[in-house]
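This is entry-v6.cif (mmCIF, C-alpha atoms and all ligand atoms).
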data_protein
#
loop_
_atom_site.group_PDB
_atom_site.id
_atom_site.type_symbol
_atom_site.label_atom_id
_atom_site.label_comp_id
_atom_site.auth_asym_id
_atom_site.auth_seq_id
_atom_site.Cartn_x
_atom_site.Cartn_y
_atom_site.Cartn_z
ATOM 1 C CA MET K 1 -67.252 -150.029 27.708
ATOM 2 C CA PRO K 2 -65.662 -153.359 26.858
ATOM 3 C CA VAL K 3 -67.682 -156.472 27.532
ATOM 4 C CA PRO K 4 -65.580 -158.812 29.670
ATOM 5 C CA GLY K 5 -64.866 -162.073 27.879
ATOM 6 C CA ASP K 6 -64.334 -165.473 29.478
ATOM 7 C CA ASP K 7 -60.658 -164.763 29.911
ATOM 8 C CA GLY K 8 -61.344 -161.486 31.674
ATOM 9 C CA GLN K 9 -59.959 -159.578 28.710
ATOM 10 C CA ALA K 10 -61.930 -156.934 26.907
ATOM 11 C CA GLN K 11 -64.070 -158.732 24.363
ATOM 12 C CA GLN K 12 -64.784 -156.383 21.517
ATOM 13 C CA ASP K 13 -65.258 -158.926 18.786
ATOM 14 C CA ILE K 14 -68.818 -159.964 19.343
ATOM 15 C CA ALA K 15 -72.260 -160.421 17.877
ATOM 16 C CA ARG K 16 -75.296 -159.991 20.141
ATOM 17 C CA ARG K 17 -78.900 -160.752 19.434
ATOM 18 C CA PHE K 18 -81.710 -158.718 20.950
ATOM 19 C CA LEU K 19 -85.463 -158.887 20.991
ATOM 20 C CA PHE K 20 -88.181 -156.323 21.639
ATOM 21 C CA ASP K 21 -90.579 -157.584 24.326
ATOM 22 C CA GLN K 22 -93.616 -155.662 23.133
ATOM 23 C CA ALA K 23 -93.103 -155.663 19.387
ATOM 24 C CA ASP K 24 -92.417 -158.303 16.749
ATOM 25 C CA ILE K 25 -88.943 -157.014 16.083
ATOM 26 C CA ARG K 26 -85.578 -158.602 16.611
ATOM 27 C CA GLY K 27 -82.115 -157.226 16.172
ATOM 28 C CA GLN K 28 -78.437 -157.966 15.885
ATOM 29 C CA TYR K 29 -75.517 -155.955 17.061
ATOM 30 C CA ALA K 30 -71.939 -156.587 15.920
ATOM 31 C CA SER K 31 -68.695 -155.056 17.059
ATOM 32 C CA LEU K 32 -65.277 -155.843 15.602
ATOM 33 C CA GLU K 33 -61.886 -154.715 16.728
ATOM 34 C CA ARG K 34 -59.158 -157.347 16.809
ATOM 35 C CA ALA K 35 -60.660 -159.411 13.964
ATOM 36 C CA TYR K 36 -60.956 -156.233 11.889
ATOM 37 C CA ARG K 37 -57.360 -155.234 12.559
ATOM 38 C CA ASP K 38 -56.126 -158.782 11.951
ATOM 39 C CA ILE K 39 -57.713 -158.707 8.514
ATOM 40 C CA THR K 40 -56.692 -155.210 7.442
ATOM 41 C CA GLY K 41 -53.256 -155.624 9.059
ATOM 42 C CA LEU K 42 -52.298 -158.281 6.509
ATOM 43 C CA HIS K 43 -52.641 -155.784 3.677
ATOM 44 C CA GLN K 44 -51.551 -152.215 3.141
ATOM 45 C CA TYR K 45 -54.962 -150.718 2.587
ATOM 46 C CA ALA K 46 -55.440 -146.963 2.454
ATOM 47 C CA PRO K 47 -57.805 -145.575 5.150
ATOM 48 C CA GLY K 48 -60.796 -145.396 2.791
ATOM 49 C CA VAL K 49 -60.450 -149.066 1.841
ATOM 50 C CA SER K 50 -59.995 -150.108 5.484
ATOM 51 C CA ARG K 51 -63.203 -148.346 6.429
ATOM 52 C CA LEU K 52 -65.036 -149.989 3.559
ATOM 53 C CA MET K 53 -63.670 -153.371 4.604
ATOM 54 C CA GLY K 54 -64.885 -152.740 8.175
ATOM 55 C CA GLU K 55 -68.419 -152.016 7.011
ATOM 56 C CA PHE K 56 -68.470 -155.179 4.910
ATOM 57 C CA LEU K 57 -67.137 -157.292 7.765
ATOM 58 C CA ALA K 58 -69.699 -155.921 10.218
ATOM 59 C CA ALA K 59 -72.489 -156.462 7.668
ATOM 60 C CA SER K 60 -71.417 -160.050 7.042
ATOM 61 C CA VAL K 61 -71.599 -160.809 10.768
ATOM 62 C CA LEU K 62 -75.044 -159.212 11.084
ATOM 63 C CA LEU K 63 -76.390 -161.128 8.100
ATOM 64 C CA SER K 64 -74.782 -164.405 9.040
ATOM 65 C CA THR K 65 -76.240 -164.298 12.545
ATOM 66 C CA THR K 66 -79.660 -163.189 11.295
ATOM 67 C CA LEU K 67 -80.061 -165.699 8.475
ATOM 68 C CA LYS K 68 -79.035 -168.564 10.740
ATOM 69 C CA PHE K 69 -77.798 -171.369 8.561
ATOM 70 C CA GLU K 70 -74.783 -173.654 8.596
ATOM 71 C CA GLY K 71 -72.267 -172.553 6.044
ATOM 72 C CA LYS K 72 -70.742 -169.397 4.636
ATOM 73 C CA LEU K 73 -72.235 -166.037 3.884
ATOM 74 C CA ILE K 74 -70.291 -164.126 1.246
ATOM 75 C CA LEU K 75 -70.621 -160.450 0.372
ATOM 76 C CA GLN K 76 -68.865 -159.500 -2.817
ATOM 77 C CA VAL K 77 -68.734 -156.274 -4.793
ATOM 78 C CA ARG K 78 -67.366 -155.903 -8.300
ATOM 79 C CA SER K 79 -66.913 -152.321 -9.371
ATOM 80 C CA GLU K 80 -65.399 -149.999 -11.947
ATOM 81 C CA GLY K 81 -63.937 -147.869 -9.163
ATOM 82 C CA GLN K 82 -60.567 -147.996 -7.418
ATOM 83 C CA VAL K 83 -61.505 -151.277 -5.754
ATOM 84 C CA PRO K 84 -62.364 -153.748 -8.525
ATOM 85 C CA LEU K 85 -63.292 -156.512 -6.108
ATOM 86 C CA LEU K 86 -64.071 -156.585 -2.430
ATOM 87 C CA MET K 87 -65.113 -159.791 -0.763
ATOM 88 C CA VAL K 88 -65.844 -160.840 2.805
ATOM 89 C CA GLU K 89 -66.971 -164.152 4.234
ATOM 90 C CA CYS K 90 -68.513 -165.047 7.566
ATOM 91 C CA ASP K 91 -69.420 -168.601 8.525
ATOM 92 C CA HIS K 92 -71.876 -169.880 11.141
ATOM 93 C CA GLU K 93 -69.102 -170.064 13.720
ATOM 94 C CA LEU K 94 -68.549 -166.338 13.133
ATOM 95 C CA GLN K 95 -65.171 -166.848 11.576
ATOM 96 C CA LEU K 96 -64.422 -163.957 9.251
ATOM 97 C CA ARG K 97 -62.097 -163.217 6.395
ATOM 98 C CA GLY K 98 -61.965 -160.564 3.693
ATOM 99 C CA ILE K 99 -59.955 -159.153 0.823
ATOM 100 C CA ALA K 100 -59.960 -156.016 -1.338
ATOM 101 C CA ARG K 101 -58.379 -157.245 -4.549
ATOM 102 C CA GLY K 102 -56.503 -154.822 -6.790
ATOM 103 C CA ALA K 103 -56.858 -152.060 -4.201
ATOM 104 C CA GLN K 104 -53.148 -151.160 -3.927
ATOM 105 C CA GLN K 105 -53.733 -147.807 -5.638
ATOM 106 C CA ALA K 106 -57.105 -147.142 -4.023
ATOM 107 C CA THR K 107 -56.549 -143.905 -2.111
ATOM 108 C CA ALA K 108 -60.014 -142.336 -2.359
ATOM 109 C CA GLU K 109 -61.827 -141.626 0.894
ATOM 110 C CA ASP K 110 -65.203 -141.705 -0.729
ATOM 111 C CA ASN K 111 -67.099 -144.979 -1.227
ATOM 112 C CA GLY K 112 -68.434 -143.677 -4.524
ATOM 113 C CA GLN K 113 -64.954 -143.441 -6.009
ATOM 114 C CA LEU K 114 -63.834 -146.708 -4.475
ATOM 115 C CA LEU K 115 -66.806 -148.708 -5.726
ATOM 116 C CA THR K 116 -68.060 -146.863 -8.820
ATOM 117 C CA ASN K 117 -70.905 -148.768 -10.515
ATOM 118 C CA GLY K 118 -70.587 -151.529 -7.958
ATOM 119 C CA GLN K 119 -72.689 -154.673 -8.065
ATOM 120 C CA LEU K 120 -73.227 -156.346 -4.734
ATOM 121 C CA ALA K 121 -73.672 -160.114 -4.637
ATOM 122 C CA ILE K 122 -74.925 -161.806 -1.489
ATOM 123 C CA THR K 123 -74.229 -165.518 -1.496
ATOM 124 C CA LEU K 124 -75.362 -168.145 0.972
ATOM 125 C CA ASP K 125 -73.194 -171.209 0.671
ATOM 126 C CA PRO K 126 -74.624 -173.836 3.032
ATOM 127 C CA LEU K 127 -72.644 -176.857 4.165
ATOM 128 C CA ARG K 128 -75.448 -178.996 2.774
ATOM 129 C CA GLY K 129 -77.717 -178.169 -0.109
ATOM 130 C CA GLN K 130 -77.808 -175.580 -2.845
ATOM 131 C CA SER K 131 -76.108 -172.229 -2.595
ATOM 132 C CA TYR K 132 -78.146 -169.132 -3.253
ATOM 133 C CA GLN K 133 -77.095 -165.768 -4.678
ATOM 134 C CA GLY K 134 -78.881 -162.427 -4.877
ATOM 135 C CA ILE K 135 -77.481 -159.366 -6.666
ATOM 136 C CA VAL K 136 -78.256 -155.673 -6.186
ATOM 137 C CA PRO K 137 -76.556 -152.515 -7.459
ATOM 138 C CA LEU K 138 -74.501 -150.764 -4.810
ATOM 139 C CA ALA K 139 -76.996 -147.925 -4.519
ATOM 140 C CA SER K 140 -75.870 -144.488 -3.324
ATOM 141 C CA HIS K 141 -72.476 -146.025 -2.535
ATOM 142 C CA SER K 142 -73.754 -147.101 0.841
ATOM 143 C CA LEU K 143 -73.506 -150.764 1.729
ATOM 144 C CA ALA K 144 -76.192 -150.415 4.409
ATOM 145 C CA HIS K 145 -78.642 -148.795 1.973
ATOM 146 C CA SER K 146 -77.879 -151.400 -0.667
ATOM 147 C CA LEU K 147 -78.576 -154.203 1.774
ATOM 148 C CA ASP K 148 -81.792 -152.440 2.838
ATOM 149 C CA ALA K 149 -82.802 -152.383 -0.826
ATOM 150 C CA TYR K 150 -81.880 -156.020 -1.211
ATOM 151 C CA PHE K 151 -84.116 -157.027 1.684
ATOM 152 C CA GLU K 152 -86.899 -154.784 0.436
ATOM 153 C CA GLN K 153 -87.075 -156.720 -2.801
ATOM 154 C CA SER K 154 -86.471 -160.184 -1.379
ATOM 155 C CA GLU K 155 -88.118 -160.349 2.045
ATOM 156 C CA GLN K 156 -91.705 -159.937 3.159
ATOM 157 C CA LEU K 157 -90.590 -158.634 6.517
ATOM 158 C CA GLY K 158 -88.697 -155.386 6.929
ATOM 159 C CA THR K 159 -84.946 -155.482 7.527
ATOM 160 C CA ARG K 160 -82.703 -152.471 8.015
ATOM 161 C CA LEU K 161 -78.971 -152.089 8.702
ATOM 162 C CA TRP K 162 -76.692 -149.396 10.072
ATOM 163 C CA LEU K 163 -72.917 -149.719 9.710
ATOM 164 C CA ALA K 164 -69.831 -147.821 10.826
ATOM 165 C CA ALA K 165 -66.060 -148.343 10.644
ATOM 166 C CA ASP K 166 -63.066 -146.112 11.295
ATOM 167 C CA GLY K 167 -60.044 -148.302 10.605
ATOM 168 C CA GLU K 168 -59.772 -149.392 14.256
ATOM 169 C CA ARG K 169 -63.263 -150.592 14.954
ATOM 170 C CA ALA K 170 -66.237 -151.662 12.919
ATOM 171 C CA ALA K 171 -69.781 -152.020 14.174
ATOM 172 C CA GLY K 172 -73.260 -152.595 12.920
ATOM 173 C CA LEU K 173 -76.872 -152.793 13.932
ATOM 174 C CA LEU K 174 -79.632 -154.735 12.210
ATOM 175 C CA LEU K 175 -83.360 -154.622 12.860
ATOM 176 C CA GLN K 176 -85.773 -157.147 11.443
ATOM 177 C CA GLN K 177 -89.521 -157.530 11.647
ATOM 178 C CA LEU K 178 -90.818 -160.860 12.872
ATOM 179 C CA PRO K 179 -94.069 -162.567 11.897
ATOM 180 C CA SER K 180 -97.023 -161.356 13.959
ATOM 181 C CA GLN K 181 -96.970 -162.802 17.431
ATOM 182 C CA VAL K 182 -96.919 -160.070 20.073
ATOM 183 C CA GLU K 183 -98.918 -157.546 18.054
ATOM 184 C CA ARG K 184 -101.720 -158.550 15.680
ATOM 185 C CA ASP K 185 -102.914 -155.149 14.434
ATOM 186 C CA PRO K 186 -101.082 -154.451 11.124
ATOM 187 C CA GLN K 187 -101.150 -150.682 11.627
ATOM 188 C CA GLN K 188 -99.730 -150.927 15.111
ATOM 189 C CA ARG K 189 -97.077 -153.350 13.832
ATOM 190 C CA GLU K 190 -96.094 -150.845 11.179
ATOM 191 C CA ARG K 191 -95.994 -148.024 13.742
ATOM 192 C CA GLN K 192 -93.722 -150.077 16.012
ATOM 193 C CA TRP K 193 -91.422 -150.904 13.115
ATOM 194 C CA GLN K 194 -91.167 -147.281 11.996
ATOM 195 C CA HIS K 195 -90.577 -146.204 15.590
ATOM 196 C CA ALA K 196 -87.689 -148.672 16.022
ATOM 197 C CA CYS K 197 -86.107 -147.685 12.680
ATOM 198 C CA THR K 198 -86.534 -143.952 13.207
ATOM 199 C CA LEU K 199 -84.726 -144.174 16.529
ATOM 200 C CA ALA K 200 -81.945 -146.360 15.105
ATOM 201 C CA ALA K 201 -81.471 -143.803 12.337
ATOM 202 C CA THR K 202 -80.610 -141.166 14.956
ATOM 203 C CA LEU K 203 -77.426 -143.100 15.827
ATOM 204 C CA GLN K 204 -74.250 -141.229 15.101
ATOM 205 C CA GLN K 205 -71.388 -143.219 13.580
ATOM 206 C CA ARG K 206 -69.318 -142.533 16.692
ATOM 207 C CA GLU K 207 -72.019 -143.876 18.986
ATOM 208 C CA LEU K 208 -72.310 -147.050 16.955
ATOM 209 C CA LEU K 209 -68.530 -147.495 17.167
ATOM 210 C CA GLU K 210 -68.040 -146.553 20.787
ATOM 211 C CA LEU K 211 -71.105 -147.664 22.728
ATOM 212 C CA GLU K 212 -71.307 -151.180 24.037
ATOM 213 C CA ALA K 213 -74.475 -153.082 23.020
ATOM 214 C CA ALA K 214 -76.428 -152.526 26.257
ATOM 215 C CA GLN K 215 -75.603 -148.807 26.339
ATOM 216 C CA LEU K 216 -76.498 -148.425 22.718
ATOM 217 C CA LEU K 217 -79.889 -150.084 23.132
ATOM 218 C CA ARG K 218 -80.573 -148.044 26.254
ATOM 219 C CA ARG K 219 -79.666 -144.888 24.397
ATOM 220 C CA LEU K 220 -82.024 -145.760 21.530
ATOM 221 C CA TYR K 221 -84.867 -147.610 23.196
ATOM 222 C CA HIS K 222 -85.005 -146.513 26.806
ATOM 223 C CA GLU K 223 -88.826 -146.616 26.694
ATOM 224 C CA ASP K 224 -89.075 -149.997 25.001
ATOM 225 C CA PRO K 225 -88.209 -153.184 26.873
ATOM 226 C CA VAL K 226 -85.491 -154.929 24.894
ATOM 227 C CA ARG K 227 -83.943 -158.252 25.829
ATOM 228 C CA LEU K 228 -80.256 -158.558 25.065
ATOM 229 C CA PHE K 229 -78.793 -162.039 24.651
ATOM 230 C CA ASP K 230 -75.299 -163.263 25.478
ATOM 231 C CA PRO K 231 -72.492 -162.203 23.163
ATOM 232 C CA ALA K 232 -71.102 -164.667 20.632
ATOM 233 C CA PRO K 233 -67.399 -164.258 19.855
ATOM 234 C CA VAL K 234 -66.299 -163.313 16.340
ATOM 235 C CA ARG K 235 -62.791 -163.946 15.050
ATOM 236 C CA PHE K 236 -60.631 -163.749 12.001
ATOM 237 C CA GLY K 237 -59.983 -167.138 10.475
ATOM 238 C CA CYS K 238 -59.202 -168.423 7.042
ATOM 239 C CA SER K 239 -60.652 -171.533 5.476
ATOM 240 C CA CYS K 240 -57.678 -172.086 3.188
ATOM 241 C CA SER K 241 -55.743 -175.339 3.431
ATOM 242 C CA ARG K 242 -53.032 -177.294 1.723
ATOM 243 C CA GLU K 243 -55.652 -179.686 0.342
ATOM 244 C CA ARG K 244 -57.684 -176.863 -1.187
ATOM 245 C CA SER K 245 -54.613 -175.301 -2.762
ATOM 246 C CA LEU K 246 -53.699 -178.651 -4.246
ATOM 247 C CA ALA K 247 -57.236 -179.039 -5.602
ATOM 248 C CA ALA K 248 -56.939 -175.592 -7.204
ATOM 249 C CA LEU K 249 -53.659 -176.624 -8.842
ATOM 250 C CA ALA K 250 -55.317 -179.781 -10.139
ATOM 251 C CA SER K 251 -57.777 -177.654 -12.095
ATOM 252 C CA LEU K 252 -54.961 -175.881 -13.989
ATOM 253 C CA ASP K 253 -53.523 -176.920 -17.326
ATOM 254 C CA GLN K 254 -51.255 -179.864 -16.555
ATOM 255 C CA ALA K 255 -48.656 -179.176 -19.230
ATOM 256 C CA GLU K 256 -48.304 -175.656 -17.860
ATOM 257 C CA LEU K 257 -47.985 -177.021 -14.371
ATOM 258 C CA ALA K 258 -45.266 -179.427 -15.496
ATOM 259 C CA ASP K 259 -43.403 -176.541 -17.149
ATOM 260 C CA LEU K 260 -43.603 -174.433 -14.025
ATOM 261 C CA LEU K 261 -42.319 -177.289 -11.954
ATOM 262 C CA GLU K 262 -39.471 -177.816 -14.370
ATOM 263 C CA GLU K 263 -38.518 -174.131 -14.207
ATOM 264 C CA GLN K 264 -38.878 -173.539 -10.494
ATOM 265 C CA GLY K 265 -38.431 -176.947 -8.912
ATOM 266 C CA SER K 266 -41.569 -176.423 -6.826
ATOM 267 C CA ILE K 267 -44.830 -174.485 -6.967
ATOM 268 C CA THR K 268 -46.048 -172.132 -4.281
ATOM 269 C CA MET K 269 -49.613 -170.974 -3.757
ATOM 270 C CA ASP K 270 -50.315 -167.911 -1.621
ATOM 271 C CA CYS K 271 -53.658 -167.456 0.074
ATOM 272 C CA GLU K 272 -54.705 -163.905 -0.699
ATOM 273 C CA PHE K 273 -56.907 -163.726 2.394
ATOM 274 C CA CYS K 274 -54.327 -164.643 5.035
ATOM 275 C CA ASN K 275 -50.983 -164.672 3.158
ATOM 276 C CA GLN K 276 -50.392 -168.304 4.094
ATOM 277 C CA GLN K 277 -48.027 -169.907 1.628
ATOM 278 C CA TYR K 278 -48.362 -173.512 0.442
ATOM 279 C CA ARG K 279 -45.424 -175.100 -1.289
ATOM 280 C CA PHE K 280 -45.680 -178.178 -3.491
ATOM 281 C CA GLU K 281 -42.744 -180.259 -4.643
ATOM 282 C CA ARG K 282 -42.637 -182.558 -7.633
ATOM 283 C CA ASP K 283 -43.577 -185.550 -5.456
ATOM 284 C CA ASP K 284 -46.701 -183.754 -4.192
ATOM 285 C CA LEU K 285 -47.866 -183.050 -7.717
ATOM 286 C CA ALA K 286 -46.844 -186.285 -9.406
ATOM 287 C CA PRO K 287 -50.249 -187.986 -8.950
ATOM 288 C CA MET K 288 -52.139 -185.167 -10.634
ATOM 289 C CA LEU K 289 -49.598 -184.870 -13.438
ATOM 290 C CA GLY K 290 -50.101 -188.565 -13.991
ATOM 291 C CA ASP K 291 -46.407 -189.043 -14.550
ATOM 292 C CA ASN K 292 -43.404 -190.536 -12.926
ATOM 293 C CA GLY K 293 -41.566 -187.270 -12.862
ATOM 294 C CA SER K 294 -40.602 -187.269 -16.522
ATOM 295 C CA LYS K 295 -40.625 -184.028 -18.461
ATOM 296 C CA THR K 296 -43.554 -183.325 -20.758
ATOM 297 C CA LEU K 297 -42.681 -183.049 -24.432
ATOM 298 C CA HIS K 298 -43.789 -180.237 -26.685
HETATM 299 ZN ZN ZN K 301 -55.875 -168.336 3.968
#
Using structure tokens, write down the structure that the file contains.
Amino acid sequence: MPVPGDDGQAQQDIARRFLFDQADIRGQYASLERAYRDITGLHQYAPGVSRLMGEFLAASVLLSTTLKFEGKLILQVRSEGQVPLLMVECDHELQLRGIARGAQQATAEDNGQLLTNGQLAITLDPLRGQSYQGIVPLASHSLAHSLDAYFEQSEQLGTRLWLAADGERAAGLLLQQLPSQVERDPQQRERQWQHACTLAATLQQRELLELEAAQLLRRLYHEDPVRLFDPAPVRFGCSCSRERSLAALASLDQAELADLLEEQGSITMDCEFCNQQYRFERDDLAPMLGDNGSKTLH
């Protein structure tokens, strides 16, 4: 069932936090529809790549909302498979973008073929302060399992994810242990954690994609009081800009730039995430070329 948004329209692009009343466990739910289609619609991805993209997008929302920091969370896989590079970003305002680079010929349905020998990098790029990156192999070709493994080696408290995508919708569920507050007995804490994870693991992909957050939690945890918080909207948005494209041009070889300008009269930069095109004329580039428009000599 769609969750009504402020405008009365179905609001399927959401993240929702939840909390167990009687256990030190919190969770995140994410559901993507329009944002997912906006992102995949810009590219001609085969169904297997679209599904993969959906899982990555859902995961980035879950992680971004769980880690709670101001800035960007980036998930990036480099692989020897049909998709050499897949990258998604989610910022603290839940603005998402993503790209599967070099995936034009990627027709496999199987994640293993798409991301053979993949290495998954998780980067936190805060608005202020140092960025942080952790890397794990893309184990068993499952993004959810790889992220589980990542948290197992980096966090004291358990964290587990479940992801699903079908080309139309993407969804995910995350459970995370909290420091002892409600329950002090370590054995009981562990039992509660296993109980919550075991039930979440019974979720079918279809249920994760089709059930609305409240239904899903009722279906899983009907005996455990769970508090569900208000949904936060998620949307597709790109952080590219004319200024950033110009800065990227400034880092290129200036003689080459001058040659290009001479040949083409102007230089265009395409954003690979959103297909936005930025066009720069000689006047725009003159300051960085440090010239008055004269041709460079070779
Ligand atoms: Zn863009």
Problem set entry | Interatomic distance, CA of Arg242 (chain K) to CA of Ala100 (chain K) (Å, one decimal) |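 Those two atoms sit 22.6 Å apart.
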Exercise. What residues come out when you apply the PyMOL selection byres (((not hetatm)) within 9 of (chain K and resi 301)) to this file, written as a PyMOL selection string?
Worked result: chain K and resi 97+237-241+270-277
With C-alpha atoms kept, could you save the residues just selected as a compact mmCIF listing (two decimals), keeping the file's coordinate frame?
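The result, written out as result-v3.txt:
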# COMPACT_ATOMS: atom_id res chain seq x y z
CA ARG K 97 -62.10 -163.22 6.40
CA GLY K 237 -59.98 -167.14 10.48
CA CYS K 238 -59.20 -168.42 7.04
CA SER K 239 -60.65 -171.53 5.48
CA CYS K 240 -57.68 -172.09 3.19
CA SER K 241 -55.74 -175.34 3.43
CA ASP K 270 -50.32 -167.91 -1.62
CA CYS K 271 -53.66 -167.46 0.07
CA GLU K 272 -54.70 -163.90 -0.70
CA PHE K 273 -56.91 -163.73 2.39
CA CYS K 274 -54.33 -164.64 5.04
CA ASN K 275 -50.98 -164.67 3.16
CA GLN K 276 -50.39 -168.30 4.09
CA GLN K 277 -48.03 -169.91 1.63
Exercise. Mind telling me what the PyMOL selection byres (((chain K and resi 193) around 9) and not hetatm) catches here, as an MDAnalysis selection string?
Worked result: chainID K and resid 23:25 158 175:177 188:192 194:198
Prev. selection, C-alpha atoms, output as a PDB file, keeping the file's coordinate frame:
ATOM      1  CA  ALA K  23     -93.103-155.663  19.387  1.00  0.00           C
ATOM      2  CA  ASP K  24     -92.417-158.303  16.749  1.00  0.00           C
ATOM      3  CA  ILE K  25     -88.943-157.014  16.083  1.00  0.00           C
ATOM      4  CA  GLY K 158     -88.697-155.386   6.929  1.00  0.00           C
ATOM      5  CA  LEU K 175     -83.360-154.622  12.860  1.00  0.00           C
ATOM      6  CA  GLN K 176     -85.773-157.147  11.443  1.00  0.00           C
ATOM      7  CA  GLN K 177     -89.521-157.530  11.647  1.00  0.00           C
ATOM      8  CA  GLN K 188     -99.730-150.927  15.111  1.00  0.00           C
ATOM      9  CA  ARG K 189     -97.077-153.350  13.832  1.00  0.00           C
ATOM     10  CA  GLU K 190     -96.094-150.845  11.179  1.00  0.00           C
ATOM     11  CA  ARG K 191     -95.994-148.024  13.742  1.00  0.00           C
ATOM     12  CA  GLN K 192     -93.722-150.077  16.012  1.00  0.00           C
ATOM     13  CA  GLN K 194     -91.167-147.281  11.996  1.00  0.00           C
ATOM     14  CA  HIS K 195     -90.577-146.204  15.590  1.00  0.00           C
ATOM     15  CA  ALA K 196     -87.689-148.672  16.022  1.00  0.00           C
ATOM     16  CA  CYS K 197     -86.107-147.685  12.680  1.00  0.00           C
ATOM     17  CA  THR K 198     -86.534-143.952  13.207  1.00  0.00           C
TER      18      THR K 198
END
For this session: Around the point (-54.1, -179.7, -10.8), in the coordinates given by the file, pick out the residues reaching within 12 Å, counting only C-alpha atoms, and return them as a count of residues only.
Result: 25
For this session: Neighbourhood query: residues within 9 Å of (-35.9, -175.9, -3.1), file coordinates, counting only C-alpha atoms; return as a list in words.
Result: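 The distance filter leaves exactly Gln264, Gly265, Ser266 and Glu281 of chain K.
Reported to one decimal place, the separation of CA of Val83 (chain K) from CA of Ala106 (chain K) is 6.3 Å.
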Within 9 Å of Leu209 (chain K), counting all atoms listed in the file, which residues show up once you throw out same-chain ones fewer than 4 positions away? Write them as a compact mmCIF listing (two decimals) with C-alpha atoms, keeping the file's coordinate frame, please.
# COMPACT_ATOMS: atom_id res chain seq x y z
CA SER K 31 -68.69 -155.06 17.06
CA LEU K 163 -72.92 -149.72 9.71
CA ALA K 164 -69.83 -147.82 10.83
CA ALA K 165 -66.06 -148.34 10.64
CA ASP K 166 -63.07 -146.11 11.30
CA ARG K 169 -63.26 -150.59 14.95
CA ALA K 170 -66.24 -151.66 12.92
CA ALA K 171 -69.78 -152.02 14.17
CA GLY K 172 -73.26 -152.60 12.92
CA GLN K 204 -74.25 -141.23 15.10
CA GLN K 205 -71.39 -143.22 13.58
Problem set entry | Computed interatomic separation between CA of Gly134 (chain K) and CA of Arg235 (chain K) (Å) |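 Atom-to-atom, CA of Gly134 (chain K) and CA of Arg235 (chain K) are spaced 25.7 Å apart.
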Problem set entry | Residue members of the PyMOL selection byres (((chain K and resi 65) around 8) and not hetatm) in the file shown, as a PyMOL selection string | chain K and resi 15+28+61-64+66-68+92+94
Problem set entry | For Glu70 (chain K): contacts at 9 Å, only C-alpha atoms, fewer than 4 positions along chain excluded, given as a list in words | Asp91, His92, Glu93, Asp125, Pro126, Leu127 and Arg128 of chain K
Exercise. Pick the closest to Leu57 (chain K) from K:Ile74, K:Leu211, K:Ile135, K:Leu216: which is it, counting all atoms listed in the file?
Worked result: K:Ile74
For this session: Could you give me, as a PyMOL selection string, the residues within 7 Å of Gln82 (chain K), counting all atoms listed in the file and dropping anything in the same chain fewer than 4 positions from it?
Result: chain K and resi 103+106+113-115
Centre and edge lengths of an axis-aligned box around all listed atoms of region 226-231 of chain K, with 8 Å added on each side, are to be given in Å to one decimal, as lines of an AutoDock Vina configuration file.
center_x = -79.0
center_y = -159.1
center_z = 24.5
size_x = 29.0
size_y = 24.3
size_z = 18.7
For this session: Identify which of the residues K:Ile39, K:Ala201, K:Leu120, K:Ala108 lies closest to Arg160 (chain K), counting all atoms listed in the file when measuring atom-to-atom distances.
Result: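 Once distances to Arg160 (chain K) are computed over all atoms listed in the file, the minimum belongs to K:Ala201.
Using all atoms listed in the file for every distance, the candidate list K:Asn117, K:Thr107, K:Gln130, K:Ser142 yields K:Ser142 as the residue closest to Glu55 (chain K).
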For this session: Give the answer as one residue: which of K:Leu260, K:Leu96, K:Ala232, K:Val226 has the shortest atom-to-atom distance to Arg282 (chain K), using all atoms listed in the file?
Result: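 For Arg282 (chain K), the nearest of the candidates is K:Leu260.
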For this session: Do a neighbour search on Leu217 (chain K) at 9 Å with only C-alpha atoms, toss out local chain neighbours closer than 5 positions, and write the hits as a list in words.
Result: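 Once the nearby chain positions are removed, what remains is Glu212, His222, Val226 and Leu228 of chain K.
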